[in-house]
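The structure appears below as structure tokens.
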Amino acid sequence: MPIPSEARRISDTVWELPRSYKEGMLVPARIYASEKLMREMDAGVFDQVTNVACLPGILNYAFCMPDGHWGYGFPIGGVAAMDPEEGVISPGGIGFDINCGMRLVLTNLTLEEVQPRLHTLVDQLFYRVPAGVGSHGFVKLSHDEFCSVAEQGSRWCLQNGYAWPEDLERTEEGGCFAGADVSKVSVRAIDRGYNQIGTLGSGNHYLEIQVARPENIFDAETARAFGITLPNQIVIMFHCGSRGFGHQVATDYLQTFLGVMERKYGIRVLDRELACAPFRSREGQDYFAAMKCAVNMAFANRQVILHRIREVFSNVFHRDPRDLGMEMVYDVAHNTAKLERHRVGGKLREVLVHRKGSTRAFGPGMEGLPECYRKTGQPVIIGGSMETGSYLLAGLESGAETFYSTAHGSGRTMSRHQAKKQFRGEKLQRDMEARGIYVRSVSWGGLAEEAGPAYKDIDDVVEATELAGLSKRVVRLTPIGNVKG
Amino acid sequence: MPYRYLDDIAIADVAFEAWGKTLEEMFSAAADALMNVMVADLGSIRQDEKVAFSLENAELDLLLFNFLNELIYFKDARRLLLRIEALTIERDDSGNFTLQGRAGGEVLDPDRHSQLVDVKAVTLHRFRVEETPQGWEATVVLDI
């Protein structure tokens, strides 16, 4: 897709589409990308980010991150901060997979120690962390118990033996969004999710064993602060969200908002996926309280998965997980809306930040960061394709312009259908193994869809975030084992 | 197959077009298109368990939206893979569209069903139901 002629280049990595680009834009749109990444953006990104710029109450700019691609409603990689008094909340700015996010876990093992047991580890993880279509988990809960999970998130896990106390400190919001109200959630949503805790899901969700090679450490001091201290240290990264529960919460409120948006609130949008309601309206507040339940369910889901991972490593190495140093680095959400305090027009004020396929990246010293990361800035976990690698980054003070938001992954460039035509799952598995990556998947087709060439170059994406001052590189992580959803 | 997958929109997700001579045929085709995103061979689904649907909506396109969401609901809540066996769509006196239907299927069996990818949701992005000279046609983007 050619870069739109209206796009003005603000710097090497910032492009602006002015309000004149589309009728109804209340603010300009800003896309963060190198020239190469900008040229690779699909047409949907420019259309969707400028649709977002038309939403009532949007502040400063509608943003798209360097991994941006065509979504629905917002582009994936879309960020918008709203005035909570005058502005709207939109499920299309959060995504169906509410609190889809990333978690990174340390070990004190090295590549040399893990390599001989890699197949056993991956095979056991594959059996112990269910993935695939509608998969159910091992935690058996009643509807009532599930409601406690939805309101308490990782705190429920701590009370029930699935968490270490320090895990919660190292989870965004302590693993529990305050104000979750399960009375705002439908029974259908609970039906869809109550037996899915501890499951990965599908699509681009995965669980990976990775190595931090010495040559891939960009910032040794910050890496040490994040727990990466050994040469060829093994870490575990995984990506998943709120499963059918969150998907149904979003589906329910999309319909609620469509029913009242124009008739009751006189709001018109350019794509029905941008259905919204004033944040302070009854419907807006109900969705916010329901969304928080899905956020908490996703934190609990990732926490229970971590519990299983610790069990597997402990079984394979016959050592206690604490003895294996299996502490969390951090857990970050990349599909949320949150009330945060940011500086707008020189004044510190409350804003409602929508991040859809974008990671919060608080800079050093910011409130909301655990004590251990106050000096370094927030750890940011960026998942790449299963063939190439992933990154651990850190938030920067200069991230203020995007309300401290950065990329979340590498971003697709090839359709799933096209990838399936071009790659064969069985062959891909063999090829990857020959390159030292052992992968297990419930689906050959699903595996083919996630082939490396279907994604943008992760190195380009994180370099663009660094050049733009949104986050800085700390460590590049290379996959050696992968469980694909 | 009265449906085809589209390569050029919403690349991270799955978009399809489904068609039929009647509304009922088009709805059934859309149901198969949805199920075929998750399971490679629809013929592998035994139609042992029966599920009845009864839906109503003032808008025809939102009726399709709700109908596809029913299938996603059963996939998560009961791990049921379903195919449509009977369907009737009518317009009542107040102008609302009503749908009565029955589906048959079975619980997903990883040994017999070749899984593809899970469908998270039906989106309303570019969602469209249209009458054509040949009958009816829909465009749907699914979140993966």
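Letters A, B, ... mark the chains of the structure tokens in the order given; residue numbers begin at 1 per chain; ligand numbers begin at 1, in order shown.
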Would you mind listing, as a CSV table (one decimal) with all heavy atoms, in the first residue's frame, all residues of chain B that have at least one atom within 6 Å of chain A, where only C-alpha atoms are what counts?
```csv
chain,number,residue,atom,x,y,z
B,7,ASP,N,-9.2,-13.0,0.8
B,7,ASP,CA,-7.8,-12.8,1.2
B,7,ASP,C,-7.4,-11.3,1.5
B,7,ASP,O,-6.4,-11.0,2.1
B,7,ASP,CB,-6.9,-13.2,0.0
B,7,ASP,CG,-6.3,-14.6,0.3
B,7,ASP,OD1,-6.3,-15.0,1.4
B,7,ASP,OD2,-5.9,-15.3,-0.7
B,10,ALA,N,-9.0,-7.6,6.3
B,10,ALA,CA,-8.8,-8.0,7.7
B,10,ALA,C,-7.9,-9.2,7.8
B,10,ALA,O,-8.2,-10.3,8.2
B,10,ALA,CB,-10.1,-8.3,8.4
B,11,ILE,N,-6.6,-9.0,7.4
B,11,ILE,CA,-5.7,-10.1,7.2
B,11,ILE,C,-5.4,-10.9,8.4
B,11,ILE,O,-5.0,-12.1,8.3
B,11,ILE,CB,-4.4,-9.7,6.5
B,11,ILE,CG1,-3.8,-8.5,7.3
B,11,ILE,CG2,-4.6,-9.2,5.1
B,11,ILE,CD1,-2.3,-8.3,7.0
B,12,ALA,N,-5.5,-10.3,9.6
B,12,ALA,CA,-5.1,-11.1,10.8
B,12,ALA,C,-6.2,-12.0,11.2
B,12,ALA,O,-6.1,-12.9,12.0
B,12,ALA,CB,-4.7,-10.1,11.9
B,75,LYS,N,-19.9,-23.9,20.9
B,75,LYS,CA,-18.5,-24.3,20.7
B,75,LYS,C,-17.7,-24.2,22.0
B,75,LYS,O,-17.0,-25.1,22.4
B,75,LYS,CB,-17.8,-23.6,19.6
B,75,LYS,CG,-16.4,-23.8,19.3
B,75,LYS,CD,-15.4,-22.9,20.0
B,75,LYS,CE,-15.6,-21.4,19.6
B,75,LYS,NZ,-14.8,-20.5,20.4
B,76,ASP,N,-17.9,-23.0,22.7
B,76,ASP,CA,-17.2,-22.8,24.0
B,76,ASP,C,-17.8,-23.5,25.2
B,76,ASP,O,-17.2,-24.2,26.0
B,76,ASP,CB,-17.0,-21.3,24.3
B,76,ASP,CG,-15.9,-20.7,23.5
B,76,ASP,OD1,-14.9,-21.4,23.3
B,76,ASP,OD2,-15.9,-19.5,23.2
B,77,ALA,N,-19.2,-23.3,25.3
B,77,ALA,CA,-19.9,-23.7,26.5
B,77,ALA,C,-19.9,-25.2,26.6
B,77,ALA,O,-19.8,-25.8,27.6
B,77,ALA,CB,-21.3,-23.1,26.5
B,79,ARG,N,-18.4,-27.3,23.9
B,79,ARG,CA,-17.4,-27.9,22.9
B,79,ARG,C,-18.1,-28.6,21.7
B,79,ARG,O,-17.6,-29.5,21.2
B,79,ARG,CB,-16.4,-28.8,23.5
B,79,ARG,CG,-15.4,-28.1,24.4
B,79,ARG,CD,-14.1,-28.9,24.6
B,79,ARG,NE,-13.1,-28.5,23.5
B,79,ARG,CZ,-12.0,-29.1,23.3
B,79,ARG,NH1,-11.6,-30.1,24.1
B,79,ARG,NH2,-11.1,-28.7,22.4
B,115,GLN,N,-8.5,-30.0,13.7
B,115,GLN,CA,-8.7,-28.7,14.2
B,115,GLN,C,-7.9,-27.7,13.3
B,115,GLN,O,-6.8,-27.9,13.0
B,115,GLN,CB,-8.3,-28.4,15.6
B,115,GLN,CG,-9.1,-29.1,16.6
B,115,GLN,CD,-8.6,-28.8,18.0
B,115,GLN,OE1,-8.6,-27.6,18.4
B,115,GLN,NE2,-8.1,-29.8,18.7
B,116,LEU,N,-8.5,-26.5,13.1
B,116,LEU,CA,-7.8,-25.4,12.5
B,116,LEU,C,-7.6,-24.3,13.5
B,116,LEU,O,-6.8,-24.5,14.4
B,116,LEU,CB,-8.5,-24.9,11.2
B,116,LEU,CG,-8.7,-26.0,10.1
B,116,LEU,CD1,-9.6,-25.6,9.0
B,116,LEU,CD2,-7.3,-26.3,9.6
B,117,VAL,N,-8.3,-23.2,13.4
B,117,VAL,CA,-8.1,-22.2,14.5
B,117,VAL,C,-9.5,-21.9,15.1
B,117,VAL,O,-10.5,-22.0,14.5
B,117,VAL,CB,-7.6,-20.8,13.9
B,117,VAL,CG1,-6.1,-21.0,13.6
B,117,VAL,CG2,-8.4,-20.3,12.7
B,118,ASP,N,-9.4,-21.4,16.3
B,118,ASP,CA,-10.6,-21.1,17.1
B,118,ASP,C,-11.2,-19.8,16.6
B,118,ASP,O,-10.4,-18.9,16.2
B,118,ASP,CB,-10.2,-21.0,18.6
B,118,ASP,CG,-11.4,-21.3,19.5
B,118,ASP,OD1,-12.6,-21.5,19.0
B,118,ASP,OD2,-11.2,-21.2,20.7
B,120,LYS,N,-13.0,-16.4,17.8
B,120,LYS,CA,-13.3,-15.7,19.1
B,120,LYS,C,-14.7,-15.1,19.0
B,120,LYS,O,-15.4,-15.1,19.9
B,120,LYS,CB,-12.3,-14.6,19.3
B,120,LYS,CG,-10.9,-15.1,19.7
B,120,LYS,CD,-9.9,-14.0,19.8
B,120,LYS,CE,-8.5,-14.5,20.2
B,120,LYS,NZ,-7.5,-13.4,20.1
B,124,LEU,N,-18.6,-6.9,13.5
B,124,LEU,CA,-19.5,-6.2,12.6
B,124,LEU,C,-18.8,-5.3,11.6
B,124,LEU,O,-19.4,-4.5,10.9
B,124,LEU,CB,-20.5,-5.3,13.4
B,124,LEU,CG,-21.6,-6.1,14.2
B,124,LEU,CD1,-22.4,-5.2,15.1
B,124,LEU,CD2,-22.5,-6.8,13.2
B,125,HIS,N,-17.5,-5.5,11.5
B,125,HIS,CA,-16.7,-4.8,10.5
B,125,HIS,C,-17.0,-5.3,9.1
B,125,HIS,O,-16.8,-6.5,8.9
B,125,HIS,CB,-15.2,-5.0,10.8
B,125,HIS,CG,-14.2,-4.3,9.9
B,125,HIS,ND1,-14.3,-3.0,9.7
B,125,HIS,CD2,-13.2,-4.8,9.1
B,125,HIS,CE1,-13.4,-2.6,8.8
B,125,HIS,NE2,-12.7,-3.7,8.5
B,144,ILE,N,-10.2,-13.9,15.1
B,144,ILE,CA,-9.4,-15.1,15.4
B,144,ILE,C,-8.5,-15.0,16.6
B,144,ILE,O,-7.8,-14.0,16.6
B,144,ILE,CB,-8.6,-15.6,14.1
B,144,ILE,CG1,-9.5,-15.8,12.9
B,144,ILE,CG2,-7.8,-16.8,14.4
B,144,ILE,CD1,-10.6,-16.9,13.1
```
Checklist entry - Can you list, as an MDAnalysis selection string, every residue of range 402-478 of chain A that DSSP puts in strand (DSSP E)? => result chainID A and resid 405:406 438:441 471:478
Checklist outcome for this item: note - CA of Ser405 in chain A and CA of His342 in chain A are separated by 11.8 Å
Checklist entry - Hey, what's within 10 Å of Val52 in chain A if we count only C-alpha atoms and toss same-chain stuff fewer than 6 positions away? As a ChimeraX atom specification, please? => result /A:25-29,58,61-63,73-75,78-80,90,92-93,269-271,274
Checklist entry - What does the distance between CA of Glu283 in chain A and CA of Ala337 in chain A come to in Å, to one decimal place? => result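 Going from CA of Glu283 in chain A over to CA of Ala337 in chain A covers 15.1 Å.
Pairwise distance (CA of Arg322 in chain A, CA of Thr107 in chain A) equals 9.1 Å.
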Next on the checklist: Give me the residues near His239 in chain A as a ChimeraX atom specification, where near means some atom within 12 Å (using only C-alpha atoms) and where sequence neighbours in that chain fewer than 6 positions away do not count.
Outcome noted: /A:97,99-105,131,199-208,298-299,301-303,305-306,331-335,381-386,390,408-409,482-485
Item to check | Picked from range 204-346 of chain A by DSSP as helix (DSSP H, G or I), as a ChimeraX atom specification | outcome: /A:214-216,220-225,243-260,272-274,282-317
Checklist entry - What lies within 8 Å of Val122 in chain B using only C-alpha atoms, ignoring chain neighbours under 6 positions off, as a list in words? => result Thr251 of chain A; Phe65, Leu68, Asn69, Val140, Val141, Leu142 and Asp143 of chain B
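Using only C-alpha atoms, the contacts of Gly20 in chain B at a cut-off of 12 Å, with sequence neighbours closer than 3 positions omitted, comprise Met1, Pro2, Tyr3, Glu17, Leu23, Glu24, Glu25, Met26, Phe27, Ser28, Ala29, Ala30, Val129, Glu130, Glu131, Thr132, Pro133, Gln134, Gly135, Trp136, Glu137 and Ala138 of chain B.
Excluding Asp92 in chain B itself and any same-chain residue fewer than 5 positions from it, the protein and nucleic acid residues within 12 Å of it, counting only C-alpha atoms, are Glu56, Asn57, Ala58, Phe97, Thr98 and Leu99 of chain B.
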Suppose we keep C-alpha atoms; can you now write the selection as a CSV table (one decimal), in the first residue's frame?
```
chain,number,residue,atom,x,y,z
B,56,GLU,CA,-35.6,-12.7,16.7
B,57,ASN,CA,-34.3,-9.4,15.5
B,58,ALA,CA,-35.6,-6.3,13.8
B,97,PHE,CA,-37.4,-11.3,11.5
B,98,THR,CA,-37.7,-14.6,13.3
B,99,LEU,CA,-35.5,-17.7,13.0
```
